[in-house]
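Source file: final_23.txt; contents: compact mmCIF, C-alpha atoms.
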# COMPACT_ATOMS: atom_id res chain seq x y z
CA MET S 1 181.26 42.55 -116.88
CA ARG S 2 180.78 40.00 -119.64
CA ALA S 3 177.84 40.25 -122.00
CA GLY S 4 174.91 37.99 -121.24
CA VAL S 5 171.18 37.40 -121.44
CA ALA S 6 168.52 35.86 -119.22
CA ALA S 7 164.84 35.15 -119.78
CA GLY S 8 161.86 32.99 -118.88
CA HIS S 9 162.29 30.45 -121.68
CA PRO S 10 165.37 28.88 -123.33
CA ALA S 11 164.17 29.96 -126.79
CA THR S 12 163.86 33.57 -125.62
CA ALA S 13 167.38 33.53 -124.19
CA ASP S 14 168.74 32.00 -127.41
CA VAL S 15 167.28 34.91 -129.38
CA GLY S 16 168.96 37.46 -127.12
CA ALA S 17 172.33 35.76 -127.53
CA GLU S 18 171.86 35.64 -131.31
CA ILE S 19 171.19 39.38 -131.50
CA LEU S 20 174.16 40.30 -129.30
CA GLU S 21 176.45 38.09 -131.40
CA ASP S 22 175.12 39.87 -134.50
CA GLY S 23 176.33 43.21 -133.13
CA GLY S 24 173.09 44.35 -131.53
CA THR S 25 172.92 46.48 -128.41
CA ALA S 26 171.41 45.34 -125.12
CA ALA S 27 168.21 47.12 -126.14
CA ASP S 28 168.19 45.35 -129.53
CA ALA S 29 168.52 42.02 -127.74
CA VAL S 30 165.68 42.79 -125.33
CA VAL S 31 163.37 43.94 -128.15
CA ALA S 32 164.01 40.70 -130.05
CA MET S 33 163.64 38.65 -126.87
CA ALA S 34 160.36 40.32 -125.99
CA LEU S 35 158.98 39.55 -129.44
CA ALA S 36 160.22 35.97 -129.14
CA SER S 37 158.59 35.67 -125.72
CA CYS S 38 155.28 36.61 -127.36
CA VAL S 39 155.60 33.29 -129.19
CA ALA S 40 157.44 31.08 -126.70
CA GLU S 41 155.89 32.39 -123.46
CA THR S 42 152.24 32.94 -124.31
CA VAL S 43 151.27 31.02 -121.17
CA MET S 44 152.92 33.91 -119.31
CA SER S 45 152.19 36.96 -121.49
CA GLY S 46 151.85 38.19 -125.07
CA LEU S 47 152.08 41.05 -127.53
CA LEU S 48 149.08 43.02 -126.20
CA ALA S 49 150.72 43.34 -122.78
CA GLY S 50 151.71 46.20 -120.54
CA CYS S 51 155.38 46.56 -119.66
CA HIS S 52 158.08 48.49 -117.84
CA ALA S 53 161.76 48.62 -118.77
CA ILE S 54 164.96 50.10 -117.42
CA ALA S 55 167.96 50.87 -119.63
CA PHE S 56 171.56 51.97 -119.11
CA ASP S 57 173.27 53.42 -122.17
CA GLY S 58 176.71 53.63 -120.55
CA ALA S 59 176.04 57.07 -119.08
CA ARG S 60 172.36 57.43 -118.16
CA VAL S 61 169.72 55.24 -116.53
CA LEU S 62 166.14 55.68 -117.68
CA ASN S 63 162.87 53.87 -117.04
CA LEU S 64 160.42 53.34 -119.88
CA ASP S 65 156.73 53.20 -119.00
CA GLY S 66 154.99 50.96 -121.50
CA PHE S 67 152.22 49.87 -119.17
CA ALA S 68 148.60 49.59 -120.20
CA ALA S 69 146.32 52.63 -120.29
CA ALA S 70 142.64 53.03 -119.52
CA PRO S 71 140.44 53.03 -122.66
CA SER S 72 137.47 55.27 -123.40
CA GLY S 73 134.78 52.64 -123.00
CA THR S 74 133.58 50.25 -120.30
CA ASP S 75 131.41 47.17 -120.25
CA GLU S 76 130.57 44.22 -118.03
CA LEU S 77 133.40 41.80 -117.28
CA VAL S 78 133.18 38.01 -117.12
CA GLU S 79 134.11 36.28 -113.87
CA LEU S 80 136.05 33.02 -113.90
CA GLU S 81 137.19 31.12 -110.80
CA ILE S 82 140.57 29.43 -111.08
CA PRO S 83 142.55 27.64 -108.34
CA PHE S 84 145.76 29.59 -107.79
CA GLY S 85 147.90 27.25 -105.75
CA ASP S 86 145.52 25.81 -103.16
CA GLU S 87 143.12 28.74 -103.20
CA PRO S 88 140.35 29.61 -105.67
CA VAL S 89 140.76 33.09 -107.15
CA VAL S 90 138.07 34.88 -109.15
CA TYR S 91 139.45 36.61 -112.25
CA SER S 92 137.65 39.22 -114.31
CA ILE S 93 138.18 38.50 -118.00
CA GLY S 94 136.52 38.96 -121.38
CA ALA S 95 137.04 41.40 -124.23
CA ALA S 96 135.90 44.34 -122.07
CA SER S 97 138.79 43.69 -119.66
CA CYS S 98 141.39 44.65 -122.30
CA ALA S 99 143.24 47.91 -121.63
CA VAL S 100 145.26 49.81 -124.25
CA PRO S 101 148.42 47.67 -124.70
CA GLY S 102 151.80 49.29 -124.23
CA LEU S 103 154.39 46.61 -125.00
CA PRO S 104 154.62 47.19 -128.79
CA ALA S 105 155.05 50.96 -128.34
CA ALA S 106 157.73 50.41 -125.72
CA LEU S 107 159.64 48.02 -127.97
CA GLY S 108 159.51 50.53 -130.80
CA GLU S 109 160.78 53.27 -128.50
CA LEU S 110 163.64 51.15 -127.14
CA TRP S 111 164.70 50.32 -130.69
CA ARG S 112 164.56 53.92 -131.92
CA GLU S 113 166.46 55.38 -128.98
CA LEU S 114 168.92 52.63 -128.07
CA GLY S 115 168.99 50.11 -130.92
CA ARG S 116 171.39 49.60 -133.81
CA LEU S 117 170.12 46.71 -135.95
CA PRO S 118 167.20 47.09 -138.39
CA TRP S 119 163.73 46.59 -136.90
CA SER S 120 163.01 43.77 -139.35
CA ARG S 121 166.11 41.93 -138.11
CA LEU S 122 164.77 42.03 -134.56
CA CYS S 123 161.50 40.48 -135.72
CA GLU S 124 163.15 37.60 -137.59
CA PRO S 125 163.79 35.19 -134.67
CA ALA S 126 160.25 35.51 -133.29
CA LEU S 127 158.82 35.00 -136.77
CA ALA S 128 160.88 31.85 -137.19
CA LEU S 129 159.57 30.51 -133.86
CA ALA S 130 155.99 31.28 -134.92
CA ARG S 131 156.44 29.31 -138.13
CA THR S 132 157.94 26.22 -136.48
CA GLY S 133 156.24 26.19 -133.08
CA VAL S 134 157.97 25.97 -129.70
CA ALA S 135 158.22 23.07 -127.28
CA LEU S 136 156.42 23.79 -124.00
CA PRO S 137 158.78 23.64 -120.99
CA GLU S 138 157.76 21.82 -117.83
CA MET S 139 156.96 24.84 -115.67
CA HIS S 140 154.98 26.52 -118.45
CA ALA S 141 153.00 23.30 -118.88
CA ARG S 142 152.20 23.30 -115.15
CA SER S 143 150.96 26.89 -115.35
CA LEU S 144 148.89 26.06 -118.42
CA GLU S 145 147.30 23.14 -116.61
CA MET S 146 146.38 25.36 -113.67
CA PHE S 147 144.87 28.02 -115.95
CA GLY S 148 143.46 25.45 -118.35
CA GLU S 149 139.86 26.65 -118.07
CA LEU S 150 140.93 30.12 -119.21
CA TYR S 151 143.12 28.88 -122.06
CA ALA S 152 140.37 26.57 -123.31
CA LEU S 153 138.13 29.55 -124.04
CA GLY S 154 137.54 30.77 -127.59
CA GLY S 155 140.49 30.43 -129.92
CA GLY S 156 142.68 29.19 -127.08
CA ALA S 157 141.14 25.73 -127.18
CA GLU S 158 142.66 24.96 -130.58
CA LEU S 159 146.07 26.30 -129.56
CA PHE S 160 146.55 25.10 -126.00
CA THR S 161 144.51 21.89 -125.68
CA ARG S 162 144.63 18.41 -127.20
CA GLU S 163 141.79 15.91 -126.84
CA GLY S 164 140.29 17.63 -123.81
CA ARG S 165 143.54 18.29 -121.95
CA THR S 166 146.09 21.07 -121.92
CA LEU S 167 149.42 20.64 -123.69
CA ALA S 168 151.99 18.65 -121.73
CA ALA S 169 155.66 19.43 -121.23
CA GLY S 170 157.64 18.76 -124.39
CA GLU S 171 154.68 19.04 -126.74
CA VAL S 172 154.99 21.70 -129.42
CA LEU S 173 152.84 24.80 -129.07
CA HIS S 174 151.78 25.83 -132.58
CA GLN S 175 150.31 29.33 -132.99
CA PRO S 176 150.30 29.80 -136.77
CA GLY S 177 148.43 33.08 -136.62
CA LEU S 178 151.37 34.64 -134.78
CA ALA S 179 153.34 34.42 -138.03
CA GLN S 180 150.82 36.79 -139.58
CA THR S 181 151.07 39.02 -136.50
CA LEU S 182 154.84 39.21 -136.69
CA GLU S 183 154.85 39.72 -140.44
CA ALA S 184 152.67 42.79 -139.87
CA LEU S 185 155.02 44.03 -137.14
CA ALA S 186 158.09 43.49 -139.31
CA GLU S 187 156.55 45.38 -142.22
CA GLU S 188 154.65 48.15 -140.42
CA GLY S 189 156.68 48.47 -137.21
CA ALA S 190 155.24 48.71 -133.73
CA GLU S 191 152.74 51.23 -135.10
CA SER S 192 150.82 48.30 -136.58
CA VAL S 193 149.18 47.75 -133.18
CA TYR S 194 148.12 51.39 -132.91
CA ARG S 195 147.41 52.63 -136.44
CA GLY S 196 147.95 49.67 -138.78
CA SER S 197 146.60 46.26 -139.66
CA LEU S 198 146.90 44.85 -136.15
CA ALA S 199 144.97 47.82 -134.78
CA GLU S 200 142.18 47.11 -137.25
CA ALA S 201 142.10 43.47 -136.21
CA LEU S 202 142.03 44.35 -132.51
CA LEU S 203 139.25 46.90 -132.93
CA GLY S 204 137.25 44.29 -134.82
CA VAL S 205 137.08 41.92 -131.83
CA ASP S 206 133.52 41.78 -130.51
CA GLY S 207 133.17 43.42 -127.10
CA VAL S 208 136.40 45.42 -126.92
CA VAL S 209 136.05 48.82 -125.25
CA LEU S 210 139.08 50.33 -126.98
CA THR S 211 138.57 53.02 -129.59
CA ARG S 212 140.64 54.00 -132.60
CA SER S 213 141.61 57.19 -130.74
CA ASP S 214 142.70 55.21 -127.65
CA LEU S 215 145.19 53.27 -129.74
CA ALA S 216 146.40 56.16 -131.89
CA SER S 217 147.09 58.41 -128.89
CA TYR S 218 149.12 55.87 -126.88
CA ARG S 219 152.81 56.65 -126.30
CA ALA S 220 155.50 54.93 -124.26
CA ARG S 221 156.99 57.40 -121.76
CA TRP S 222 160.56 57.81 -120.54
CA ARG S 223 160.78 58.48 -116.80
CA ASP S 224 163.50 58.92 -114.19
CA PRO S 225 164.22 55.85 -112.06
CA VAL S 226 163.90 55.74 -108.30
CA ILE S 227 167.37 55.57 -106.71
CA VAL S 228 167.87 53.80 -103.39
CA ASP S 229 170.98 52.68 -101.47
CA TYR S 230 171.24 48.98 -100.75
CA ALA S 231 174.17 46.84 -99.55
CA GLY S 232 176.65 49.57 -100.43
CA ARG S 233 175.29 49.93 -103.97
CA ARG S 234 173.16 52.48 -105.76
CA VAL S 235 170.06 50.71 -107.05
CA ALA S 236 167.90 52.14 -109.84
CA THR S 237 164.37 50.75 -110.00
CA ARG S 238 160.65 51.63 -110.06
CA GLY S 239 158.52 52.90 -107.21
CA GLY S 240 154.74 53.08 -106.90
CA LEU S 241 152.85 49.82 -106.49
CA SER S 242 156.07 47.83 -106.90
CA GLY S 243 157.09 48.65 -103.31
CA VAL S 244 160.69 47.70 -104.13
CA PRO S 245 162.43 50.94 -103.00
CA GLU S 246 160.67 50.77 -99.62
CA LEU S 247 161.48 47.08 -99.23
CA LEU S 248 165.16 47.51 -100.07
CA SER S 249 165.40 50.39 -97.58
CA ARG S 250 164.28 48.12 -94.72
CA MET S 251 166.04 44.93 -95.79
CA PRO S 252 168.22 43.55 -93.00
CA THR S 253 171.83 42.52 -93.48
CA LEU S 254 171.73 38.77 -94.12
CA ALA S 255 175.44 37.98 -94.40
CA GLY S 256 176.57 35.98 -91.38
CA LEU S 257 173.09 34.95 -90.23
CA SER S 258 172.21 31.32 -89.63
CA SER S 259 169.67 29.68 -91.93
CA THR S 260 166.97 30.10 -89.27
CA GLU S 261 167.85 33.73 -88.58
CA ARG S 262 167.90 34.48 -92.30
CA VAL S 263 164.36 33.19 -92.91
CA LEU S 264 162.93 34.99 -89.89
CA ALA S 265 164.60 38.24 -90.95
CA LEU S 266 163.15 37.99 -94.45
CA VAL S 267 159.62 37.24 -93.21
CA GLU S 268 159.80 40.28 -90.93
CA ALA S 269 160.97 42.53 -93.77
CA PHE S 270 158.42 41.28 -96.33
CA ALA S 271 155.26 43.16 -95.37
CA PRO S 272 152.28 41.62 -97.19
CA GLN S 273 150.60 43.15 -100.24
CA ALA S 274 147.08 42.59 -101.53
CA PRO S 275 146.79 39.26 -103.41
CA ALA S 276 146.90 39.12 -107.20
CA GLY S 277 147.74 36.50 -109.81
CA GLU S 278 148.74 38.14 -113.05
CA HIS S 279 151.04 36.22 -115.37
CA THR S 280 154.27 38.04 -116.08
CA THR S 281 157.58 37.37 -117.79
CA ASN S 282 160.96 39.08 -117.63
CA MET S 283 164.01 39.32 -119.89
CA LEU S 284 167.26 41.26 -119.90
CA ALA S 285 170.55 41.73 -121.68
CA VAL S 286 173.97 43.24 -121.02
CA ASP S 287 176.10 43.88 -124.09
CA GLY S 288 179.85 43.96 -124.59
CA HIS S 289 179.97 47.74 -124.07
CA GLY S 290 178.42 47.53 -120.60
CA ARG S 291 175.00 48.73 -121.70
CA ALA S 292 172.02 47.02 -120.12
CA CYS S 293 168.27 46.68 -120.60
CA VAL S 294 165.68 44.89 -118.45
CA LEU S 295 162.03 44.49 -119.47
CA THR S 296 159.03 42.93 -117.71
CA HIS S 297 155.66 42.45 -119.40
CA SER S 298 152.26 40.98 -118.56
CA LEU S 299 148.78 40.35 -119.96
CA GLY S 300 147.39 40.01 -116.43
CA VAL S 301 146.17 36.45 -116.70
CA GLY S 302 144.80 37.11 -120.17
CA ALA S 303 141.25 37.92 -121.25
CA GLY S 304 140.48 34.47 -122.64
CA VAL S 305 139.82 36.18 -125.99
CA TRP S 306 142.09 35.89 -129.05
CA ILE S 307 142.17 38.04 -132.19
CA PRO S 308 140.80 35.69 -134.89
CA GLY S 309 143.45 34.65 -137.39
CA PHE S 310 146.28 36.27 -135.43
CA ASP S 311 146.43 33.91 -132.40
CA THR S 312 147.06 36.91 -130.15
CA GLN S 313 145.36 37.00 -126.75
CA LEU S 314 143.94 40.22 -125.31
CA ASN S 315 145.09 41.40 -121.89
CA ASN S 316 142.68 41.51 -118.93
CA LEU S 317 144.46 44.31 -117.07
CA LEU S 318 141.18 46.19 -116.54
CA GLY S 319 140.06 43.12 -114.61
CA GLU S 320 142.89 43.38 -112.08
CA SER S 321 141.27 45.51 -109.36
CA ASP S 322 144.53 46.62 -107.71
CA ILE S 323 146.09 47.57 -111.07
CA ALA S 324 143.02 49.36 -112.43
CA SER S 325 142.36 51.01 -109.05
CA GLY S 326 140.61 54.30 -108.46
CA GLU S 327 138.86 55.96 -111.39
CA PRO S 328 141.43 56.19 -114.18
CA ARG S 329 140.43 58.48 -117.03
CA PRO S 330 140.93 57.47 -120.67
CA GLY S 331 144.66 57.48 -121.37
CA ASP S 332 145.71 57.23 -117.71
CA ARG S 333 148.26 54.54 -116.97
CA LEU S 334 147.17 51.64 -114.79
CA GLU S 335 149.27 50.70 -111.77
CA SER S 336 151.96 47.99 -111.90
CA ARG S 337 154.16 45.97 -109.57
CA MET S 338 156.91 45.58 -112.18
CA ALA S 339 160.37 46.61 -111.04
CA PRO S 340 163.16 46.10 -113.60
CA THR S 341 166.31 47.02 -111.70
CA LEU S 342 169.99 47.89 -112.10
CA ALA S 343 172.61 47.96 -109.32
CA PHE S 344 175.86 49.95 -109.46
CA ASP S 345 178.95 49.98 -107.30
CA GLU S 346 182.01 52.24 -107.48
CA SER S 347 183.23 50.41 -110.59
CA GLY S 348 179.94 50.76 -112.49
CA LEU S 349 177.16 48.38 -113.42
CA GLU S 350 177.23 45.27 -111.23
CA LEU S 351 173.83 43.65 -111.68
CA ALA S 352 170.87 43.78 -114.06
CA ILE S 353 167.84 42.00 -112.63
CA GLY S 354 164.09 41.71 -113.04
CA ALA S 355 161.30 39.49 -111.83
CA ALA S 356 157.83 38.23 -112.63
CA GLY S 357 155.25 37.12 -110.13
CA ALA S 358 152.53 39.63 -109.16
CA THR S 359 152.68 40.18 -105.39
CA ARG S 360 155.61 37.78 -105.15
CA LEU S 361 157.63 39.86 -107.61
CA ARG S 362 159.18 42.20 -105.05
CA THR S 363 159.95 39.48 -102.50
CA ALA S 364 161.52 37.23 -105.14
CA LEU S 365 163.55 40.16 -106.51
CA ALA S 366 164.73 41.26 -103.07
CA THR S 367 165.62 37.70 -102.04
CA VAL S 368 167.87 37.21 -105.07
CA MET S 369 169.41 40.69 -104.83
CA ALA S 370 170.24 40.08 -101.18
CA ALA S 371 171.78 36.70 -101.97
CA ILE S 372 174.07 38.25 -104.62
CA LEU S 373 174.88 41.70 -103.24
CA ASP S 374 174.77 40.97 -99.50
CA GLU S 375 175.50 37.28 -99.06
CA GLY S 376 177.93 36.79 -101.96
CA HIS S 377 176.16 34.02 -103.89
CA ASN S 378 176.69 33.56 -107.61
CA ALA S 379 173.69 34.18 -109.84
CA VAL S 380 172.59 30.55 -110.28
CA SER S 381 172.87 29.81 -106.56
CA ALA S 382 171.01 33.01 -105.64
CA VAL S 383 168.09 32.32 -107.97
CA SER S 384 167.89 28.69 -106.81
CA LEU S 385 167.69 29.43 -103.08
CA PRO S 386 164.32 28.41 -101.57
CA ARG S 387 161.96 31.35 -101.08
CA VAL S 388 159.52 32.42 -98.45
CA HIS S 389 156.59 34.76 -99.01
CA PRO S 390 154.34 36.04 -96.20
CA THR S 391 150.76 37.15 -96.77
CA SER S 392 148.34 38.59 -94.25
CA GLU S 393 146.91 35.10 -93.62
CA LEU S 394 149.91 32.80 -93.79
CA VAL S 395 153.55 32.29 -94.71
CA ASP S 396 154.22 30.39 -97.94
CA ALA S 397 157.46 28.41 -97.97
CA GLU S 398 159.19 26.47 -100.73
CA PRO S 399 160.79 23.08 -100.19
CA GLY S 400 164.15 23.59 -98.49
CA VAL S 401 163.24 26.63 -96.39
CA ASP S 402 164.75 26.19 -92.92
CA GLU S 403 162.33 24.08 -90.88
CA ASN S 404 163.39 25.51 -87.51
CA ALA S 405 162.41 28.95 -88.73
CA LEU S 406 159.03 27.69 -89.91
CA LEU S 407 158.39 26.01 -86.55
CA GLN S 408 159.26 29.25 -84.75
CA LEU S 409 156.83 31.14 -86.97
CA GLU S 410 154.10 28.64 -86.13
CA GLU S 411 154.89 28.89 -82.42
CA SER S 412 154.46 32.66 -82.71
CA GLY S 413 150.97 32.18 -84.13
CA ARG S 414 151.69 32.34 -87.87
CA THR S 415 150.19 29.77 -90.23
CA VAL S 416 152.78 28.20 -92.53
CA ARG S 417 151.91 26.62 -95.87
CA ARG S 418 154.68 24.27 -97.00
CA TRP S 419 154.76 23.77 -100.77
CA GLU S 420 155.73 20.31 -102.00
CA ARG S 421 157.62 21.39 -105.14
CA LEU S 422 158.89 24.39 -107.05
CA HIS S 423 156.04 26.53 -108.31
CA HIS S 424 155.73 29.65 -110.44
CA TYR S 425 153.80 31.19 -107.50
CA PHE S 426 157.15 32.18 -105.99
CA GLY S 427 158.07 34.43 -108.90
CA GLY S 428 160.52 34.23 -111.76
CA VAL S 429 163.81 36.10 -111.47
CA SER S 430 166.26 36.72 -114.33
CA CYS S 431 169.65 38.34 -113.80
CA VAL S 432 173.00 39.08 -115.43
CA GLY S 433 175.93 40.56 -113.56
CA ARG S 434 179.45 40.08 -112.33
CA ALA S 435 178.17 37.09 -110.36
CA GLY S 436 177.09 35.39 -113.58
CA ALA S 437 173.70 34.95 -115.20
CA ALA S 438 170.61 32.94 -114.30
CA GLY S 439 167.06 32.24 -115.38
CA ASP S 440 164.55 30.97 -112.86
CA PRO S 441 163.84 27.22 -112.74
CA ARG S 442 160.36 28.08 -111.39
CA ARG S 443 159.55 29.43 -114.86
CA SER S 444 161.83 27.13 -116.92
CA GLY S 445 164.05 30.16 -117.36
CA ALA S 446 167.44 30.20 -119.05
CA ALA S 447 170.54 32.40 -119.25
CA GLN S 448 173.72 32.65 -121.28
CA ILE S 449 177.03 34.43 -120.78
CA LEU S 450 178.67 35.28 -124.09
What's the structure tokens form of this structure?
Amino acid sequence: MRAGVAAGHPATADVGAEILEDGGTAADAVVAMALASCVAETVMSGLLAGCHAIAFDGARVLNLDGFAAAPSGTDELVELEIPFGDEPVVYSIGAASCAVPGLPAALGELWRELGRLPWSRLCEPALALARTGVALPEMHARSLEMFGELYALGGGAELFTREGRTLAAGEVLHQPGLAQTLEALAEEGAESVYRGSLAEALLGVDGVVLTRSDLASYRARWRDPVIVDYAGRRVATRGGLSGVPELLSRMPTLAGLSSTERVLALVEAFAPQAPAGEHTTNMLAVDGHGRACVLTHSLGVGAGVWIPGFDTQLNNLLGESDIASGEPRPGDRLESRMAPTLAFDESGLELAIGAAGATRLRTALATVMAAILDEGHNAVSAVSLPRVHPTSELVDAEPGVDENALLQLEESGRTVRRWERLHHYFGGVSCVGRAGAAGDPRRSGAAQIL
């Protein structure tokens, strides 16, 4: 398999390619890409995120749990209603919605265990982006417009709005405080967020329920992946709230089906999950030695609160009721739908893939995996295929989904919502494999084969 990278923004993918060409490992590339995404993809996530990763070092496959943890304190959350697609969704935000972030610790752990280049080298591309600003791609601009009320709160107004409107596609997103954030990371390492200058800045935000001990005690954790057979391959992924192992186990064979049969089979296999709308991004790399790393991270939708002077938004993962379910004790990990995934055949690694998209994450991931591993599509074709996503109330369908299938669903009593254009609602899939590499056009994603 040739080396390659894929991500949710062209600038993020460029950084991954740069690091691989500089002799970095797949993990080095993903660490640098994740940091770059905290500049280029702040409409989707940011540094104070929770994450999950999967890595293959040529011999072993390991998951890394860098998801957010419950803090010691609690306080009242702020409710904000935002239209998600055609439906209003109430989000719980504010400084008290911020859980203990895990992304920085996970990046530090990936670098220590699987990296080769100096940490400061991995910070350089993101720092350069922070100093120059990054043009906002079309699909990110659409998301920003939809969540404009959230991003106009507090320090976000100066960063994401101009003259009473959100930034448009092609306009440059300047976040000068992120240069200070990345300088601290480059100098102090990932520990800056937990015991250094960034920790001090975070703890100084009015209303946060994190304590110094919450930050200092956080650790990213290596875990064994869940292994499931699919389409004659061994697939390594995450279980739990992701639901991906269970979904892959019941996925029908799609090869040879008509377009109508294919859609109906997918709708039947995709059992609905509870609705959610967290913003997520995904990135991955495969290096020239066949090593791979996939990482997905999310702020939720963001707390609508930024660290003054650092232009870094807090997560609102405590405000996601399905993620912060039950009664987690301080230090307990919150739940997550993230499912970075690797697929192997008899010859070795065949596909590295991950997805963003809350409840649509698993259906988007499974749709693309099926297109590549079952139906024989190349990566770009597989990611571009129109998607369908059933909920308990209706079936959402992208433009291009077989109309005969949709009519049959309606005749059977299902309500179909036909979307007029591509939308980030249907998830964002990134992949690199023998079938090529692809970023998702629904997220203005990009990919490169080296």
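One finds atom CA of Asn404 of chain S at 10.8 Å from atom CA of Ser258 of chain S.
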>> So that I can check the surroundings of Asp14 of chain S, please list as a list of chain:residue names every protein, DNA and RNA residue that reaches within 10 Å of it, counting all atoms listed in the file and ignoring chain neighbours fewer than 2 positions away.
In response: S:Val5, S:Ala6, S:Ala7, S:His9, S:Pro10, S:Ala11, S:Thr12, S:Gly16, S:Ala17, S:Glu18, S:Ile19, S:Met33, S:Ala36, S:Pro125, S:Ala446, S:Ala447, S:Gln448
All residues 10 Å or closer to Gly189 of chain S, all atoms listed in the file, same chain fewer than 6 positions away omitted, as a PDB file with C-alpha atoms, in the coordinates of the input:
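out.pdb was written with the following content:
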ATOM      1  CA  PRO S 104     154.620  47.190-128.790  1.00  0.00           C
ATOM      2  CA  ALA S 105     155.050  50.960-128.340  1.00  0.00           C
ATOM      3  CA  LEU S 107     159.640  48.020-127.970  1.00  0.00           C
ATOM      4  CA  GLY S 108     159.510  50.530-130.800  1.00  0.00           C
ATOM      5  CA  TRP S 119     163.730  46.590-136.900  1.00  0.00           C
ATOM      6  CA  SER S 120     163.010  43.770-139.350  1.00  0.00           C
ATOM      7  CA  CYS S 123     161.500  40.480-135.720  1.00  0.00           C
ATOM      8  CA  LEU S 182     154.840  39.210-136.690  1.00  0.00           C
ATOM      9  CA  GLU S 183     154.850  39.720-140.440  1.00  0.00           C
ATOM     10  CA  GLY S 196     147.950  49.670-138.780  1.00  0.00           C
TER      11      GLY S 196
END
>> Which residues are near Leu20 of chain S? Cut-off 7 Å, only C-alpha atoms, ignore same chain within fewer than 4 positions. Put them as a ChimeraX atom specification.
In response: /S:16,24-25,29,287
>> Just want the 10 Å neighbourhood of segment 298-303 of chain S, counted on only C-alpha atoms, with same-chain residues fewer than 2 positions away dropped. Output as a ChimeraX atom specification.
In response: /S:42-52,67-68,77-78,91-99,101,103,147,150-151,153,276-282,296,305-306,313-320,323,336,338,356-358
> atom CA of Leu361 of chain S and atom CA of Gly427 of chain S are how many Å apart?
Replying inline: 5.6 Å
Where does segment 31-93 of chain S meet segment 130-137 of chain S within 9 Å, residue by residue, with the nearest atom pair and distance in Å to one decimal for each, counting all atoms listed in the file, listed by chain and rising number, as a Markdown table?
| residue | atom | partner | partner_atom | distance |
| --- | --- | --- | --- | --- |
| S:Ala36 | CA | S:Ala130 | CA | 8.6 |
| S:Val39 | CA | S:Ala130 | CA | 6.1 |
| S:Ala40 | CA | S:Val134 | CA | 5.9 |
| S:Glu41 | CA | S:Leu136 | CA | 8.6 |
To test the calculation: enclose all listed atoms of segment 72-84 of chain S in a box whose edges run along x, y and z, add 4 Å on each side, then state centre and edge lengths in Å to one decimal, as AutoDock Vina command-line options.
--center_x 138.2 --center_y 41.5 --center_z -115.6 --size_x 23.2 --size_y 35.6 --size_z 23.6
> Using all atoms listed in the file, which residues sit within 12 Å of Ala292 of chain S once same-chain residues fewer than 6 positions away are excluded, as number ranges by chain?
Replying inline: S: 1-6, 20, 24-30, 53-63, 110, 114-115, 283-286, 340-344, 348-354, 431-433
>> What's the separation between atom CA of Arg195 of chain S and atom CA of Arg116 of chain S, in Å to one decimal place?
In response: 24.3 Å
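Of the listed residues (S:Gly439, S:Gly239, S:Gly102, S:Pro83), S:Gly102 comes nearest to Asp332 of chain S; the distances count only C-alpha atoms.
Nearest-residue note for Gln408 of chain S: choosing from S:Val267, S:Val89, S:Met139, S:Cys293, the minimum distance belongs to S:Val267, counting all atoms listed in the file.
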> When distances are computed from only C-alpha atoms, which of S:Ala265, S:Leu203, S:Leu241, S:Ala216 shows the smallest separation from Pro308 of chain S?
Replying inline: S:Leu203
> Got a sec to check which residues sit within 9 Å of (165.8, 52.6, -106.0), counting all atoms listed in the file, and write them as number ranges by chain?
Replying inline: S: 225-230, 234-239, 244-246, 248-249, 341-343
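Considering the residues S:Gly413, S:Gly400, S:Gly232, S:Gly73 and counting only C-alpha atoms, Thr211 of chain S has its shortest atom-to-atom contact with S:Gly73.
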> Which residue out of S:Val383, S:Val209, S:Ala437, S:Ala271 has the minimum interatomic distance to Glu76 of chain S when all atoms listed in the file are used?
Replying inline: S:Val209
>> Here is a test: counting all atoms listed in the file, which residue of S:Tyr218, S:Leu178, S:Val380, S:Ala141 is nearest to Thr161 of chain S?
In response: S:Ala141
Missing atoms in segment 152-156 of chain S: can you complete it with N, CA, C and O atoms, as a PDB file, in the coordinates of the input?
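After the write, out.pdb holds the following:
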ATOM      1  N   ALA S 152     141.265  27.374-122.469  1.00  0.00           N
ATOM      2  CA  ALA S 152     140.370  26.570-123.310  1.00  0.00           C
ATOM      3  C   ALA S 152     139.226  27.394-123.872  1.00  0.00           C
ATOM      4  O   ALA S 152     138.399  26.878-124.624  1.00  0.00           O
ATOM      5  N   LEU S 153     139.189  28.690-123.527  1.00  0.00           N
ATOM      6  CA  LEU S 153     138.130  29.550-124.040  1.00  0.00           C
ATOM      7  C   LEU S 153     138.429  29.983-125.468  1.00  0.00           C
ATOM      8  O   LEU S 153     139.590  30.178-125.842  1.00  0.00           O
ATOM      9  N   GLY S 154     137.403  30.190-126.254  1.00  0.00           N
ATOM     10  CA  GLY S 154     137.540  30.770-127.590  1.00  0.00           C
ATOM     11  C   GLY S 154     138.619  30.100-128.419  1.00  0.00           C
ATOM     12  O   GLY S 154     138.749  28.880-128.466  1.00  0.00           O
ATOM     13  N   GLY S 155     139.423  30.953-129.068  1.00  0.00           N
ATOM     14  CA  GLY S 155     140.490  30.430-129.920  1.00  0.00           C
ATOM     15  C   GLY S 155     141.593  29.724-129.177  1.00  0.00           C
ATOM     16  O   GLY S 155     142.408  29.025-129.790  1.00  0.00           O
ATOM     17  N   GLY S 156     141.641  29.864-127.855  1.00  0.00           N
ATOM     18  CA  GLY S 156     142.680  29.190-127.080  1.00  0.00           C
ATOM     19  C   GLY S 156     142.560  27.690-127.087  1.00  0.00           C
ATOM     20  O   GLY S 156     143.562  26.978-126.955  1.00  0.00           O
TER      21      GLY S 156
END
